[in-house]
file upload-v7.tsv (TSV, C-alpha atoms)
chain	number	residue	atom	x	y	z
A	1	MET	CA	-73.05	107.83	-203.12
A	2	LYS	CA	-76.27	106.06	-203.85
A	3	THR	CA	-76.68	102.38	-203.05
A	4	ASN	CA	-79.05	100.19	-204.98
A	5	PHE	CA	-81.04	98.10	-202.56
A	6	HIS	CA	-83.15	95.50	-204.28
A	7	PRO	CA	-85.37	93.66	-201.82
A	8	TYR	CA	-86.21	90.99	-204.39
A	9	ARG	CA	-82.55	90.17	-205.00
A	10	THR	CA	-81.97	89.96	-201.26
A	11	LEU	CA	-85.00	87.73	-200.83
A	12	ALA	CA	-83.89	85.51	-203.74
A	13	ALA	CA	-80.41	85.17	-202.26
A	14	LEU	CA	-81.83	84.25	-198.86
A	15	LEU	CA	-84.16	81.67	-200.40
A	16	ALA	CA	-81.27	80.15	-202.38
A	17	LEU	CA	-79.18	79.93	-199.23
A	18	ALA	CA	-82.06	78.29	-197.35
A	19	ALA	CA	-82.57	75.78	-200.18
A	20	LEU	CA	-78.89	74.86	-200.13
A	21	SER	CA	-78.92	74.29	-196.39
A	22	VAL	CA	-82.04	72.11	-196.66
A	23	CYS	CA	-80.40	70.05	-199.41
A	24	ALA	CA	-77.28	69.61	-197.31
A	25	THR	CA	-79.25	68.29	-194.35
A	26	ALA	CA	-81.55	66.19	-196.53
A	27	GLN	CA	-78.76	63.86	-197.61
A	28	ALA	CA	-79.24	60.39	-196.23
A	29	ALA	CA	-77.57	59.67	-192.94
A	30	GLN	CA	-75.12	56.79	-192.86
A	31	VAL	CA	-75.75	54.29	-190.09
A	32	ARG	CA	-73.59	51.44	-188.86
A	33	ALA	CA	-73.54	49.12	-185.85
A	34	TRP	CA	-70.84	46.93	-184.37
A	35	LEU	CA	-70.06	44.90	-181.27
A	36	ASP	CA	-66.86	45.25	-179.25
A	37	ARG	CA	-66.45	41.46	-179.51
A	38	SER	CA	-67.91	38.62	-181.55
A	39	SER	CA	-67.82	35.91	-178.89
A	40	MET	CA	-67.95	35.74	-175.11
A	41	GLN	CA	-68.91	33.58	-172.13
A	42	LEU	CA	-72.26	33.71	-170.39
A	43	GLY	CA	-72.03	36.19	-167.52
A	44	GLU	CA	-69.79	38.63	-169.41
A	45	THR	CA	-70.96	41.81	-171.08
A	46	ALA	CA	-70.56	43.20	-174.58
A	47	THR	CA	-71.05	46.70	-175.94
A	48	LEU	CA	-73.24	47.39	-178.96
A	49	ASN	CA	-72.26	50.60	-180.75
A	50	VAL	CA	-74.63	52.36	-183.16
A	51	GLU	CA	-73.27	55.34	-185.10
A	52	VAL	CA	-75.08	57.85	-187.31
A	53	SER	CA	-72.99	60.04	-189.61
A	54	GLY	CA	-74.54	63.16	-191.08
A	55	ASN	CA	-77.42	63.63	-188.62
A	56	ALA	CA	-76.53	64.91	-185.15
A	57	THR	CA	-80.19	65.16	-184.13
A	58	ALA	CA	-81.30	61.60	-184.92
A	59	ALA	CA	-83.60	59.97	-182.39
A	60	GLN	CA	-82.25	57.07	-180.34
A	61	PRO	CA	-83.02	53.68	-181.87
A	62	ASP	CA	-85.49	51.38	-180.13
A	63	PHE	CA	-83.23	49.05	-178.16
A	64	SER	CA	-86.19	47.29	-176.51
A	65	VAL	CA	-86.09	44.65	-179.29
A	66	LEU	CA	-82.90	43.36	-177.64
A	67	GLN	CA	-84.57	42.56	-174.32
A	68	GLN	CA	-85.62	39.09	-175.46
A	69	ASP	CA	-82.01	37.86	-175.46
A	70	PHE	CA	-80.14	40.50	-173.41
A	71	ASN	CA	-80.29	42.48	-170.20
A	72	LEU	CA	-79.71	46.10	-171.19
A	73	LEU	CA	-77.16	47.56	-168.79
A	74	GLY	CA	-77.34	51.21	-169.79
A	75	THR	CA	-76.93	53.49	-172.77
A	76	GLU	CA	-74.38	56.22	-173.32
A	77	SER	CA	-74.42	58.69	-176.17
A	78	SER	CA	-71.95	61.16	-177.62
A	79	THR	CA	-72.03	63.68	-180.44
A	80	SER	CA	-69.12	65.09	-182.41
A	81	MET	CA	-69.05	67.83	-185.03
A	82	ASN	CA	-66.10	68.78	-187.23
A	83	ILE	CA	-65.76	71.78	-189.50
A	84	VAL	CA	-62.89	71.55	-191.97
A	85	ASN	CA	-62.55	74.10	-194.78
A	86	GLY	CA	-66.20	75.03	-194.37
A	87	GLN	CA	-67.42	71.42	-194.61
A	88	THR	CA	-69.37	70.27	-191.55
A	89	THR	CA	-69.54	66.62	-190.55
A	90	SER	CA	-71.32	65.18	-187.55
A	91	LYS	CA	-71.48	61.82	-185.82
A	92	LEU	CA	-73.84	60.57	-183.15
A	93	LEU	CA	-72.89	57.42	-181.25
A	94	TRP	CA	-74.88	55.24	-178.84
A	95	ALA	CA	-73.14	52.56	-176.77
A	96	VAL	CA	-75.37	49.97	-175.07
A	97	GLY	CA	-74.16	47.43	-172.52
A	98	LEU	CA	-75.53	43.95	-173.24
A	99	GLU	CA	-75.58	40.97	-170.91
A	100	PRO	CA	-76.74	37.79	-172.69
A	101	LYS	CA	-79.53	35.84	-170.98
A	102	ARG	CA	-78.54	32.51	-172.51
A	103	ALA	CA	-75.73	30.73	-174.33
A	104	GLY	CA	-75.86	30.20	-178.09
A	105	THR	CA	-75.61	32.26	-181.24
A	106	LEU	CA	-77.63	35.41	-180.58
A	107	THR	CA	-78.73	37.78	-183.31
A	108	ILE	CA	-78.97	41.52	-182.88
A	109	PRO	CA	-81.60	42.51	-185.44
A	110	ALA	CA	-81.32	45.42	-187.85
A	111	LEU	CA	-82.10	48.67	-186.02
A	112	SER	CA	-83.85	51.63	-187.67
A	113	VAL	CA	-82.09	54.95	-187.15
A	114	ALA	CA	-82.57	58.26	-189.00
A	115	GLY	CA	-84.42	56.62	-191.88
A	116	ALA	CA	-81.75	53.96	-192.40
A	117	GLN	CA	-81.13	50.48	-191.01
A	118	THR	CA	-78.10	48.82	-189.51
A	119	GLN	CA	-76.97	45.36	-190.55
A	120	PRO	CA	-77.96	42.46	-188.26
A	121	LEU	CA	-75.12	41.26	-186.02
A	122	THR	CA	-74.38	37.91	-184.38
A	123	LEU	CA	-72.79	37.22	-181.02
A	124	THR	CA	-71.61	33.76	-179.99
A	125	VAL	CA	-72.15	33.14	-176.28
A	126	THR	CA	-70.59	30.04	-174.72
A	127	PRO	CA	-71.57	28.63	-171.33
A	128	ALA	CA	-69.58	30.01	-168.41
A	129	SER	CA	-66.52	27.92	-167.64
A	130	ALA	CA	-66.50	25.97	-164.37
A	131	THR	CA	-63.25	27.63	-163.30
A	132	SER	CA	-64.53	31.20	-163.50
A	133	GLY	CA	-65.08	33.09	-160.26
A	134	LYS	CA	-68.40	34.33	-159.00
A	135	ALA	CA	-69.63	36.77	-156.40
A	136	GLY	CA	-69.07	35.36	-152.91
A	137	ASP	CA	-65.82	33.55	-153.76
A	138	GLU	CA	-62.71	34.50	-151.78
A	139	LEU	CA	-61.44	36.61	-154.68
A	140	PHE	CA	-63.73	38.08	-157.29
A	141	LEU	CA	-62.51	40.48	-159.96
A	142	ASP	CA	-64.78	41.85	-162.65
A	143	VAL	CA	-63.04	44.05	-165.22
call {"tool": "encode", "arguments": {"input": "upload-v7.tsv", "output": "structure tokens"}}
result
Amino acid sequence: MKTNFHPYRTLAALLALAALSVCATAQAAQVRAWLDRSSMQLGETATLNVEVSGNATAAQPDFSVLQQDFNLLGTESSTSMNIVNGQTTSKLLWAVGLEPKRAGTLTIPALSVAGAQTQPLTLTVTPASATSGKAGDELFLDV
């Protein structure tokens, strides 16, 4: 039995497969950001979440722009990939702890991630109430 091996057909098939994979990864990543709350008291913390769908290798956004109004308390990241019926989806999530430096309406500016931008967000920070506990009191509970 003689097999017909055509190197040009094989090369063409490989190039077509490579082109399809490049097109699949070239689609624009979807980016969104949200806060775990919209209002809080001074002295509390909030979490800013930034999610990228469709690009599991995106570089972390520049969170230093937040340092004017917030103390950054740490960043966590997680990645998830799902394959369903041959379709691959990926999500990359950053969670940043924010402690406001002042009371007022604070704006989290649009952040650039993976060639896209998030929407600006606002956080309303009220002065700490006089009845709230503080470190050094007889009982202090921070949850």
call {"tool": "closest_residue", "arguments": {"input": "upload-v7.tsv", "among": "A:Pro109, A:Gly43, A:Gly115, A:Gly97", "to": "Leu72 in chain A", "atoms": "only C-alpha atoms"}}
result
A:Gly97
call {"tool": "residues_near_point", "arguments": {"input": "upload-v7.tsv", "point": "(-83.5, 45.7, -187.8)", "cutoff": "12 Å", "atoms": "all atoms listed in the file", "output": "list in words"}}
result
Val31, Arg32, Ala33, Pro61, Asp62, Phe63, Ser64, Val65, Leu66, Thr107, Ile108, Pro109, Ala110, Leu111, Ser112, Val113, Gly115, Ala116, Gln117, Thr118, Gln119, Pro120 and Leu121 of chain A
call {"tool": "write_last_selection", "arguments": {"input": "upload-v7.tsv", "atoms": "C-alpha atoms", "output": "short mmCIF file (atom, residue, chain, number, x, y, z; two decimals), in the coordinates of the input"}}
result
data_model
loop_
_atom_site.label_atom_id
_atom_site.label_comp_id
_atom_site.auth_asym_id
_atom_site.auth_seq_id
_atom_site.Cartn_x
_atom_site.Cartn_y
_atom_site.Cartn_z
CA VAL A 31 -75.75 54.29 -190.09
CA ARG A 32 -73.59 51.44 -188.86
CA ALA A 33 -73.54 49.12 -185.85
CA PRO A 61 -83.02 53.68 -181.87
CA ASP A 62 -85.49 51.38 -180.13
CA PHE A 63 -83.23 49.05 -178.16
CA SER A 64 -86.19 47.29 -176.51
CA VAL A 65 -86.09 44.65 -179.29
CA LEU A 66 -82.90 43.36 -177.64
CA THR A 107 -78.73 37.78 -183.31
CA ILE A 108 -78.97 41.52 -182.88
CA PRO A 109 -81.60 42.51 -185.44
CA ALA A 110 -81.32 45.42 -187.85
CA LEU A 111 -82.10 48.67 -186.02
CA SER A 112 -83.85 51.63 -187.67
CA VAL A 113 -82.09 54.95 -187.15
CA GLY A 115 -84.42 56.62 -191.88
CA ALA A 116 -81.75 53.96 -192.40
CA GLN A 117 -81.13 50.48 -191.01
CA THR A 118 -78.10 48.82 -189.51
CA GLN A 119 -76.97 45.36 -190.55
CA PRO A 120 -77.96 42.46 -188.26
CA LEU A 121 -75.12 41.26 -186.02
#
call {"tool": "closest_residue", "arguments": {"input": "upload-v7.tsv", "among": "A:Trp94, A:Met40, A:Thr75, A:Gln68", "to": "Ala56 in chain A", "atoms": "all atoms listed in the file"}}
result
A:Trp94
call {"tool": "atom_distance", "arguments": {"input": "upload-v7.tsv", "atom1": "CA of Glu44 in chain A", "atom2": "CA of Ser77 in chain A"}}
result
21.7 Å
call {"tool": "residues_near_point", "arguments": {"input": "upload-v7.tsv", "point": "(-70.8, 63.3, -178.8)", "cutoff": "10 Å", "atoms": "only C-alpha atoms", "output": "list in words"}}
result
Ala56, Glu76, Ser77, Ser78, Thr79, Ser80, Met81, Ser90, Lys91, Leu92, Leu93 and Trp94 of chain A
call {"tool": "closest_residue", "arguments": {"input": "upload-v7.tsv", "among": "A:Ser129, A:Asn71, A:Thr122, A:Asn82", "to": "Trp34 in chain A", "atoms": "all atoms listed in the file"}}
result
A:Thr122
call {"tool": "closest_residue", "arguments": {"input": "upload-v7.tsv", "among": "A:Leu48, A:Gln60, A:Gly54, A:Glu99", "to": "Asp36 in chain A", "atoms": "only C-alpha atoms"}}
result
A:Leu48
call {"tool": "residues_around", "arguments": {"input": "upload-v7.tsv", "residues": "Leu106 in chain A", "least_positions_apart": "3", "cutoff": "8 Å", "atoms": "all atoms listed in the file", "output": "ChimeraX atom specification"}}
result
/A:69,122-125
call {"tool": "closest_residue", "arguments": {"input": "upload-v7.tsv", "among": "A:Thr105, A:Gln67, A:Ser39, A:Asn55", "to": "Thr88 in chain A", "atoms": "all atoms listed in the file"}}
result
A:Asn55
call {"tool": "closest_residue", "arguments": {"input": "upload-v7.tsv", "among": "A:Thr89, A:Ala95, A:Ser53, A:Leu42", "to": "Pro127 in chain A", "atoms": "all atoms listed in the file"}}
result
A:Leu42
call {"tool": "atom_distance", "arguments": {"input": "upload-v7.tsv", "atom1": "CA of Val143 in chain A", "atom2": "CA of Glu51 in chain A"}}
result
25.0 Å
call {"tool": "atom_distance", "arguments": {"input": "upload-v7.tsv", "atom1": "CA of Val84 in chain A", "atom2": "CA of Ala29 in chain A"}}
result
18.9 Å
